[in-house]
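To start, the structure under review is shown below, and the notes come after it.
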There are 2 protein chains.
Amino acid sequence: MLVDDLVRNPGSWLSHGRDTGVVVSSRARLARNIRDVAFPDWAGEEERLRVWSEMRGVLAGMPGLADALILDMGELAPVDRAVLRERHLASLDLTEKGAGSGLVVSQSERIAVMVNEEDHLRLQAITPGMELLEMWRELDALDTALEERVEYAYHPELGYLTACPTNVGTGLRGSVMLHLAGLALMNEVEAVIKGLNRMGYEVRGLLGEGSEASGNMYQISNRVTLGQNEEDTVRGIIAMAEEVVRHETNARLRLMEGRRVNVLDHVGRAYGILSHARVLSSGEAVHLLSALRLGVDFGLVENLTPASINDAMLLTQPGHLQKTSKRNLSPGERDELRAGMIKKHLKGVCIAR
Amino acid sequence: MLVDDLVRNPGSWLSHGRDTGVVVSSRARLARNIRDVAFPDWAGEEERLRVWSEMRGVLAGMPGLADALILDMGELAPVDRAVLRERHLASLDLTEKGAGSGLVVSQSERIAVMVNEEDHLRLQAITPGMELLEMWRELDALDTALEERVEYAYHPELGYLTACPTNVGTGLRGSVMLHLAGLALMNEVEAVIKGLNRMGYEVRGLLGEGSEASGNMYQISNRVTLGQNEEDTVRGIIAMAEEVVRHETNARLRLMEGRRVNVLDHVGRAYGILSHARVLSSGEAVHLLSALRLGVDFGLVENLTPASINDAMLLTQPGHLQKTSKRNLSPGERDELRAGMIKKHLKGVCIAR
C-alpha cells in the first residue's frame, strides 16, 4: 500500500457518510519514549535509524497493524508528505524529517504511529463524531500491547517522560474538532475560545498547527497531562466540547430566528461562488465550503451531505490536488483545478430559493 | 404625467434594447441665464418664483415640450427627487431646492430643462450610444427657439454668462458615458483618466457628481467652454471618447488572450452572487452588474442584454426601489428587495460553463 492509495478514499477523520453535525471528529494521541534511549532530537542518526528499524517491526506485529502502511521519511516525496499532513496522519514536524523517522498507518487510517517525531512514539487514533472515549480506549489497548515489547521511559512520580515537558505524565492529548460556523457568524467564537483557555483547554484551527481556523473548524484539546488520570482527562474534554456544541446550537437557533435572511444570503453566496468561480484558492474554498456545510445542517441545501463537503475540503487541499492530478501544479493551476473539481462536486446540488 | 409614470420605463439614457457596447450614453447640456435678472443663488424668492413661473410657460410652448412633465421643486416628495437624480434628469443641486425651482422633462426623457438650479436654465439632451453631435444639435435647436422668447445674458467678448465662471462662453458641457470594465480589470483606468485630464477633459463616475465610478461607468466631458466653438468642443469630446473606447477594446482583447480564466472567473462569480444573494447593497449590485455586462459583451452570458442590465442598475437604485414598492423602506429592506428583484431579473439567464 502506497500514499497513492490513500487519496482514493476519504480521510479516516471524515464522516464516511455519517452526519455528525457540529462535531467533525475525535482524536486521541499518546506520547511515549523508549527507556535509556536519547530523545530523537538529541539522538545521533545511527540511533534514530535503529529505533525506526526496531519500532516498524514491533508495530507491524501489533493487533490491527499487520497490513499497515509503513512510510520511511527518508524516502517520501514532498507531495506524499503534504498528503499525510492534510489527512491528519502526520505532523508538519514529522514530515520535515528524513531517514530515521517514519509513520505506520492502519488500513482504515484510524490508527497512526509516528516514530521519531519529537518523541520516539506518537500513537494516534482518530474517527468521525464524538468518539473520544472510544479512541482513548483503542489507544490504551495498543499502548498496553506495545508495553509488552518496549520498555518505556517512565518515572514513578512524574509518569511517562517526553521530550517536551508539556506532555510529561499521561502523554495524552485528546481533541475534538467542531464546526463553529454559527458562532463565527455571530462573532462569538473569540469569547468561547477565551472561556476554554481559562478552563485550561487549548483551541486550534483545522490543521492543529497554528491558530488559524480555516473553515471555522476548531480543535479543542486538554492542556494538562500531569496529575490527572487519562479517563478524567478524556471526560473533561468531552464535557467541554459538548458545552461548546450547546453554544453553537444556540447561536444557530438565534441566527435562524433573528437573522434568517443573512443566513440564506451567506449560504446562497457561498453556493453561487463555489458553483461559478473558475479560480479558487485553498483558503477561500474551505471558507465557502464551511458556509455551505452550515446550509446543509440547516436543511437549506439539497443533495449534499456534510461528509461530501468534508471530502471536497480534503481533496482540494494542495497535496491531494497534486497527487490526484499526478503532476506538479503551479499555485495558479491548482486554483483552477480546485474550482473545476468543486463545481463538478456540486453538480445536482440545489439551494433553497 | 407624474414621476410615478417615469419609473415604469427605462431611463432615456439607457439603451432601450440597443446594444451599445462600451459606449453607454451621450449627453449635452447648455447653461443659460436671463438678461438683467440675478442668478438664482443671488435672487430673492419672489424673483425666483417669477422666473420659474415664466419659464415653465415658455418651455411648454417649445417644439417637443408640449406634453412635457413639469415638476415644481416646492411640491416634490423626497423619493421623487431621488428618482429624478437616478434617471439623470436632475442634479443633486436642483433636487435640494424648494419653491421657485423646477424641472421640465419631455415625454421621452430625452430633453430635460432645469430652471433655477445654479443658472436660470440648464438645457439637457441625453440618449444611448455615441450620439453627442446629434444631442448637441437638438439642444442647439431648442436654444435657438428659446432665444426668440427669452433675452439671454450675453457678453460680446465672453459669450453666454453663467453663475459659475467655469461655464462662461459656450455654456456647453458635453459628455459620453463609457463602461470601462476591461481597463478596470487590467488596473489601467487611472492612467487613462490622468491622460484625459492632461488633455483638458474631465472624468467622473456614474452619477456625474463626485469621482466615484460605480459599476465602472465613467463620464468624459470637456473642461473648456471659452474660446472654442460648440461643434469643435463636441467633436473634441467624441474624438477623446473614441480613443478611450479603443483603449478599452484593446484591454478586453488582452484579457481574453492572456487572462481568459480570470475573466470567466470574474463574470462567473458575479453571476453566482447576483443569482443567489439574499441581501445586496446598491454599490455591490452595480459592481457585480458591471462584471456581468462585461460577460455579455464577451458573449459569455446567454439570454441577457446590456440594456436589460442597465434596467436592473436603474430599477434597483434606492429611489426607484422605494417608488416601485410604494412605501418607505429601511436600508436593510431595500437590500433584500434589491436582491430579490435582481434574482428575478436573471431568471433564465445562463453563463458559459
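Simple scheme: letters A, B, ... for chains in C-alpha cells order, numbers from 1 for residues in each chain, numbers from 1 for ligands in the order shown.
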Would you list the contacts of Ile273 of chain A as a PDB file with C-alpha atoms, in the first residue's frame, taking every protein, DNA or RNA residue within 9 Å and counting only C-alpha atoms, but skipping same-chain residues closer than 3 positions in sequence?
```pdb
ATOM      1  CA  GLY A 268     -26.538  31.349  -1.087  1.00  0.00           C
ATOM      2  CA  ARG A 269     -23.453  33.424  -1.866  1.00  0.00           C
ATOM      3  CA  ALA A 270     -21.165  30.541  -0.935  1.00  0.00           C
ATOM      4  CA  HIS A 276     -19.432  29.538 -10.750  1.00  0.00           C
ATOM      5  CA  ALA A 277     -15.883  30.529  -9.844  1.00  0.00           C
ATOM      6  CA  LEU A 288     -17.061  28.838   1.391  1.00  0.00           C
TER       7      LEU A 288
ATOM      8  CA  GLY B 268     -18.994  33.665 -13.141  1.00  0.00           C
ATOM      9  CA  ARG B 269     -18.644  34.924  -9.585  1.00  0.00           C
ATOM     10  CA  ALA B 270     -20.731  37.990 -10.350  1.00  0.00           C
ATOM     11  CA  TYR B 271     -23.469  35.800 -11.826  1.00  0.00           C
ATOM     12  CA  GLY B 272     -23.208  33.343  -8.924  1.00  0.00           C
ATOM     13  CA  ILE B 273     -23.570  36.038  -6.288  1.00  0.00           C
ATOM     14  CA  HIS B 276     -28.004  33.604  -5.051  1.00  0.00           C
TER      15      HIS B 276
END
```
Identify all residues of segment 38-258 of chain B in strand (DSSP E or B) (DSSP on the backbone) and supply them as a count of residues only. 45
Using only C-alpha atoms and a cut-off of 12 Å, which residues of chain B sit close to chain A? Please list them as a PDB file with N, CA and C atoms, in the first residue's frame.
```pdb
ATOM      1  N   ARG B 259      -5.706  36.335 -20.054  1.00  0.00           N
ATOM      2  CA  ARG B 259      -6.271  36.081 -18.730  1.00  0.00           C
ATOM      3  C   ARG B 259      -7.708  35.598 -18.835  1.00  0.00           C
ATOM      4  N   ARG B 260      -7.953  34.738 -19.823  1.00  0.00           N
ATOM      5  CA  ARG B 260      -9.302  34.271 -20.098  1.00  0.00           C
ATOM      6  C   ARG B 260      -9.971  33.653 -18.866  1.00  0.00           C
ATOM      7  N   VAL B 261      -9.184  32.851 -18.146  1.00  0.00           N
ATOM      8  CA  VAL B 261      -9.771  32.169 -16.988  1.00  0.00           C
ATOM      9  C   VAL B 261     -10.168  33.176 -15.905  1.00  0.00           C
ATOM     10  N   ASN B 262      -9.406  34.270 -15.789  1.00  0.00           N
ATOM     11  CA  ASN B 262      -9.762  35.281 -14.790  1.00  0.00           C
ATOM     12  C   ASN B 262     -11.031  36.030 -15.177  1.00  0.00           C
ATOM     13  N   VAL B 263     -11.197  36.223 -16.502  1.00  0.00           N
ATOM     14  CA  VAL B 263     -12.437  36.863 -16.968  1.00  0.00           C
ATOM     15  C   VAL B 263     -13.620  35.948 -16.678  1.00  0.00           C
ATOM     16  N   LEU B 264     -13.481  34.670 -17.025  1.00  0.00           N
ATOM     17  CA  LEU B 264     -14.551  33.702 -16.760  1.00  0.00           C
ATOM     18  C   LEU B 264     -14.863  33.665 -15.264  1.00  0.00           C
ATOM     19  N   ASP B 265     -13.822  33.723 -14.452  1.00  0.00           N
ATOM     20  CA  ASP B 265     -13.989  33.705 -13.001  1.00  0.00           C
ATOM     21  C   ASP B 265     -14.744  34.951 -12.530  1.00  0.00           C
ATOM     22  N   HIS B 266     -14.298  36.096 -13.023  1.00  0.00           N
ATOM     23  CA  HIS B 266     -14.885  37.389 -12.646  1.00  0.00           C
ATOM     24  C   HIS B 266     -16.375  37.423 -12.995  1.00  0.00           C
ATOM     25  N   VAL B 267     -16.685  37.011 -14.217  1.00  0.00           N
ATOM     26  CA  VAL B 267     -18.075  37.031 -14.687  1.00  0.00           C
ATOM     27  C   VAL B 267     -18.887  35.953 -13.959  1.00  0.00           C
ATOM     28  N   GLY B 268     -18.297  34.770 -13.800  1.00  0.00           N
ATOM     29  CA  GLY B 268     -18.994  33.665 -13.141  1.00  0.00           C
ATOM     30  C   GLY B 268     -19.346  33.987 -11.697  1.00  0.00           C
ATOM     31  N   ARG B 269     -18.390  34.556 -10.975  1.00  0.00           N
ATOM     32  CA  ARG B 269     -18.644  34.924  -9.585  1.00  0.00           C
ATOM     33  C   ARG B 269     -19.760  35.960  -9.493  1.00  0.00           C
ATOM     34  N   ALA B 270     -19.699  36.943 -10.383  1.00  0.00           N
ATOM     35  CA  ALA B 270     -20.731  37.990 -10.350  1.00  0.00           C
ATOM     36  C   ALA B 270     -22.105  37.356 -10.570  1.00  0.00           C
ATOM     37  N   TYR B 271     -22.196  36.478 -11.564  1.00  0.00           N
ATOM     38  CA  TYR B 271     -23.469  35.800 -11.826  1.00  0.00           C
ATOM     39  C   TYR B 271     -23.881  34.950 -10.626  1.00  0.00           C
ATOM     40  N   GLY B 272     -22.922  34.219 -10.067  1.00  0.00           N
ATOM     41  CA  GLY B 272     -23.208  33.343  -8.924  1.00  0.00           C
ATOM     42  C   GLY B 272     -23.738  34.119  -7.727  1.00  0.00           C
ATOM     43  N   ILE B 273     -23.122  35.243  -7.441  1.00  0.00           N
ATOM     44  CA  ILE B 273     -23.570  36.038  -6.288  1.00  0.00           C
ATOM     45  C   ILE B 273     -24.907  36.699  -6.595  1.00  0.00           C
ATOM     46  N   LEU B 274     -25.009  37.322  -7.768  1.00  0.00           N
ATOM     47  CA  LEU B 274     -26.252  38.039  -8.091  1.00  0.00           C
ATOM     48  C   LEU B 274     -27.454  37.101  -8.096  1.00  0.00           C
ATOM     49  N   SER B 275     -27.248  35.853  -8.519  1.00  0.00           N
ATOM     50  CA  SER B 275     -28.409  34.959  -8.604  1.00  0.00           C
ATOM     51  C   SER B 275     -28.642  34.175  -7.315  1.00  0.00           C
ATOM     52  N   HIS B 276     -27.803  34.351  -6.296  1.00  0.00           N
ATOM     53  CA  HIS B 276     -28.004  33.604  -5.051  1.00  0.00           C
ATOM     54  C   HIS B 276     -27.970  34.446  -3.787  1.00  0.00           C
ATOM     55  N   ALA B 277     -27.553  35.704  -3.884  1.00  0.00           N
ATOM     56  CA  ALA B 277     -27.527  36.546  -2.676  1.00  0.00           C
ATOM     57  C   ALA B 277     -28.946  36.872  -2.256  1.00  0.00           C
ATOM     58  N   ARG B 278     -29.133  37.095  -0.963  1.00  0.00           N
ATOM     59  CA  ARG B 278     -30.443  37.493  -0.437  1.00  0.00           C
ATOM     60  C   ARG B 278     -30.425  38.936   0.027  1.00  0.00           C
ATOM     61  N   VAL B 279     -29.227  39.494   0.108  1.00  0.00           N
ATOM     62  CA  VAL B 279     -29.035  40.869   0.570  1.00  0.00           C
ATOM     63  C   VAL B 279     -27.997  41.496  -0.353  1.00  0.00           C
ATOM     64  N   LEU B 280     -28.351  42.601  -1.003  1.00  0.00           N
ATOM     65  CA  LEU B 280     -27.408  43.254  -1.911  1.00  0.00           C
ATOM     66  C   LEU B 280     -27.478  44.764  -1.720  1.00  0.00           C
ATOM     67  N   GLY B 332     -31.997  48.090   5.094  1.00  0.00           N
ATOM     68  CA  GLY B 332     -31.991  46.623   5.107  1.00  0.00           C
ATOM     69  C   GLY B 332     -33.072  46.046   4.210  1.00  0.00           C
ATOM     70  N   GLU B 333     -34.255  46.620   4.280  1.00  0.00           N
ATOM     71  CA  GLU B 333     -35.361  46.154   3.421  1.00  0.00           C
ATOM     72  C   GLU B 333     -35.038  46.386   1.952  1.00  0.00           C
ATOM     73  N   ASP B 335     -32.085  46.405   0.618  1.00  0.00           N
ATOM     74  CA  ASP B 335     -31.069  45.438   0.190  1.00  0.00           C
ATOM     75  C   ASP B 335     -31.690  44.069  -0.099  1.00  0.00           C
ATOM     76  N   GLU B 336     -32.702  43.702   0.685  1.00  0.00           N
ATOM     77  CA  GLU B 336     -33.391  42.431   0.433  1.00  0.00           C
ATOM     78  C   GLU B 336     -34.216  42.491  -0.846  1.00  0.00           C
ATOM     79  N   LEU B 337     -34.955  43.596  -0.985  1.00  0.00           N
ATOM     80  CA  LEU B 337     -35.801  43.766  -2.168  1.00  0.00           C
ATOM     81  C   LEU B 337     -34.946  43.780  -3.439  1.00  0.00           C
ATOM     82  N   ALA B 339     -31.998  42.393  -3.905  1.00  0.00           N
ATOM     83  CA  ALA B 339     -31.504  41.039  -4.200  1.00  0.00           C
ATOM     84  C   ALA B 339     -32.609  40.214  -4.860  1.00  0.00           C
ATOM     85  N   GLY B 340     -33.825  40.335  -4.341  1.00  0.00           N
ATOM     86  CA  GLY B 340     -34.945  39.583  -4.912  1.00  0.00           C
ATOM     87  C   GLY B 340     -35.242  40.004  -6.347  1.00  0.00           C
ATOM     88  N   LYS B 343     -32.459  38.718  -8.694  1.00  0.00           N
ATOM     89  CA  LYS B 343     -32.575  37.270  -8.881  1.00  0.00           C
ATOM     90  C   LYS B 343     -33.664  36.978  -9.932  1.00  0.00           C
ATOM     91  N   LYS B 344     -34.792  37.685  -9.810  1.00  0.00           N
ATOM     92  CA  LYS B 344     -35.914  37.513 -10.742  1.00  0.00           C
ATOM     93  C   LYS B 344     -35.487  37.962 -12.143  1.00  0.00           C
ATOM     94  N   CYS B 350     -28.218  32.247 -18.578  1.00  0.00           N
ATOM     95  CA  CYS B 350     -27.218  31.178 -18.416  1.00  0.00           C
ATOM     96  C   CYS B 350     -25.829  31.770 -18.619  1.00  0.00           C
ATOM     97  N   ILE B 351     -24.868  31.044 -18.093  1.00  0.00           N
ATOM     98  CA  ILE B 351     -23.495  31.512 -18.191  1.00  0.00           C
ATOM     99  C   ILE B 351     -22.635  30.399 -18.791  1.00  0.00           C
ATOM    100  N   ALA B 352     -21.640  30.797 -19.578  1.00  0.00           N
ATOM    101  CA  ALA B 352     -20.733  29.815 -20.189  1.00  0.00           C
ATOM    102  C   ALA B 352     -20.104  28.970 -19.105  1.00  0.00           C
ATOM    103  N   ARG B 353     -20.127  27.653 -19.251  1.00  0.00           N
ATOM    104  CA  ARG B 353     -19.561  26.766 -18.214  1.00  0.00           C
ATOM    105  C   ARG B 353     -18.178  26.278 -18.628  1.00  0.00           C
TER     106      ARG B 353
END
```
Output as a PyMOL selection string all residues of segment 50-136 of chain B that backbone DSSP marks as helix (DSSP H, G or I). chain B and resi 50-60+78-86+92-95+132-136
Include C-alpha atoms and write out the residues we just selected as an mmCIF file, in the first residue's frame.
```cif
data_model
loop_
_atom_site.group_PDB
_atom_site.id
_atom_site.type_symbol
_atom_site.label_atom_id
_atom_site.label_comp_id
_atom_site.auth_asym_id
_atom_site.auth_seq_id
_atom_site.Cartn_x
_atom_site.Cartn_y
_atom_site.Cartn_z
ATOM 1 C CA ARG B 50 -41.366 84.718 -11.197
ATOM 2 C CA VAL B 51 -38.583 83.183 -13.337
ATOM 3 C CA TRP B 52 -39.879 79.619 -12.733
ATOM 4 C CA SER B 53 -43.452 80.685 -13.484
ATOM 5 C CA GLU B 54 -42.438 82.436 -16.712
ATOM 6 C CA MET B 55 -40.012 79.790 -17.870
ATOM 7 C CA ARG B 56 -42.343 76.821 -17.341
ATOM 8 C CA GLY B 57 -44.800 78.607 -19.609
ATOM 9 C CA VAL B 58 -42.187 79.458 -22.241
ATOM 10 C CA LEU B 59 -40.733 75.924 -22.178
ATOM 11 C CA ALA B 60 -44.152 74.280 -22.529
ATOM 12 C CA PRO B 78 -38.024 63.210 -1.427
ATOM 13 C CA VAL B 79 -38.450 59.866 -3.184
ATOM 14 C CA ASP B 80 -39.418 61.621 -6.443
ATOM 15 C CA ARG B 81 -36.320 63.785 -6.199
ATOM 16 C CA ALA B 82 -34.191 60.636 -5.826
ATOM 17 C CA VAL B 83 -35.867 59.088 -8.872
ATOM 18 C CA LEU B 84 -35.085 62.163 -10.977
ATOM 19 C CA ARG B 85 -31.432 62.072 -9.924
ATOM 20 C CA GLU B 86 -31.118 58.363 -10.618
ATOM 21 C CA LEU B 92 -28.399 66.846 -6.736
ATOM 22 C CA ASP B 93 -28.253 70.631 -6.608
ATOM 23 C CA LEU B 94 -31.684 71.100 -8.182
ATOM 24 C CA THR B 95 -33.374 68.412 -6.111
ATOM 25 C CA LEU B 132 -23.183 63.522 -28.856
ATOM 26 C CA LEU B 133 -23.260 65.535 -32.069
ATOM 27 C CA GLU B 134 -26.978 64.782 -32.510
ATOM 28 C CA MET B 135 -27.645 65.706 -28.884
ATOM 29 C CA TRP B 136 -25.820 69.000 -29.335
#
```
Tell me which protein, DNA and RNA residues are within 8 Å of segment 242-255 of chain B, counting only C-alpha atoms, leaving out same-chain ones fewer than 4 positions away, and put them as a PyMOL selection string. chain B and resi 22-23+178+180-183+186+192+238+259-260+263
Could you name the residues that touch Gln317 of chain A at 8 Å or less, counting only C-alpha atoms, but leaving out those on the same chain fewer than 4 positions away, as number ranges by chain? A: 86, 282, 313, 321
Could you list, as a count of residues only, every residue within 6 Å of segment 137-152 of chain A, counting only C-alpha atoms and ignoring same-chain residues fewer than 6 positions away? 3
Set the distance at 9 Å and use only C-alpha atoms: which residues neighbour Gly348 of chain B once local chain neighbours fewer than 5 positions away are removed? I'd like the list as a ChimeraX atom specification. /B:302-304
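A straight line drawn from atom CA of Met177 of chain B to atom CA of Met341 of chain B is 25.2 Å long.
The smallest atom-to-atom distance between Glu75 of chain A and any of A:Met130, A:Val37, A:Val3, A:Val301, using only C-alpha atoms, is found for A:Val3.
Proximity of B:Asn9, B:Asn187, B:Ala291, B:Arg223 to Arg204 of chain B, computed with only C-alpha atoms, is greatest for B:Arg223.
Taking atom CA of Leu346 of chain A and atom CA of Ala312 of chain A as endpoints, the distance between them is 9.5 Å.
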If I take atom CA of His155 of chain B and atom CA of Ile126 of chain B, how far is one from the other in Å, to one decimal?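 These atoms are spaced 27.9 Å apart.
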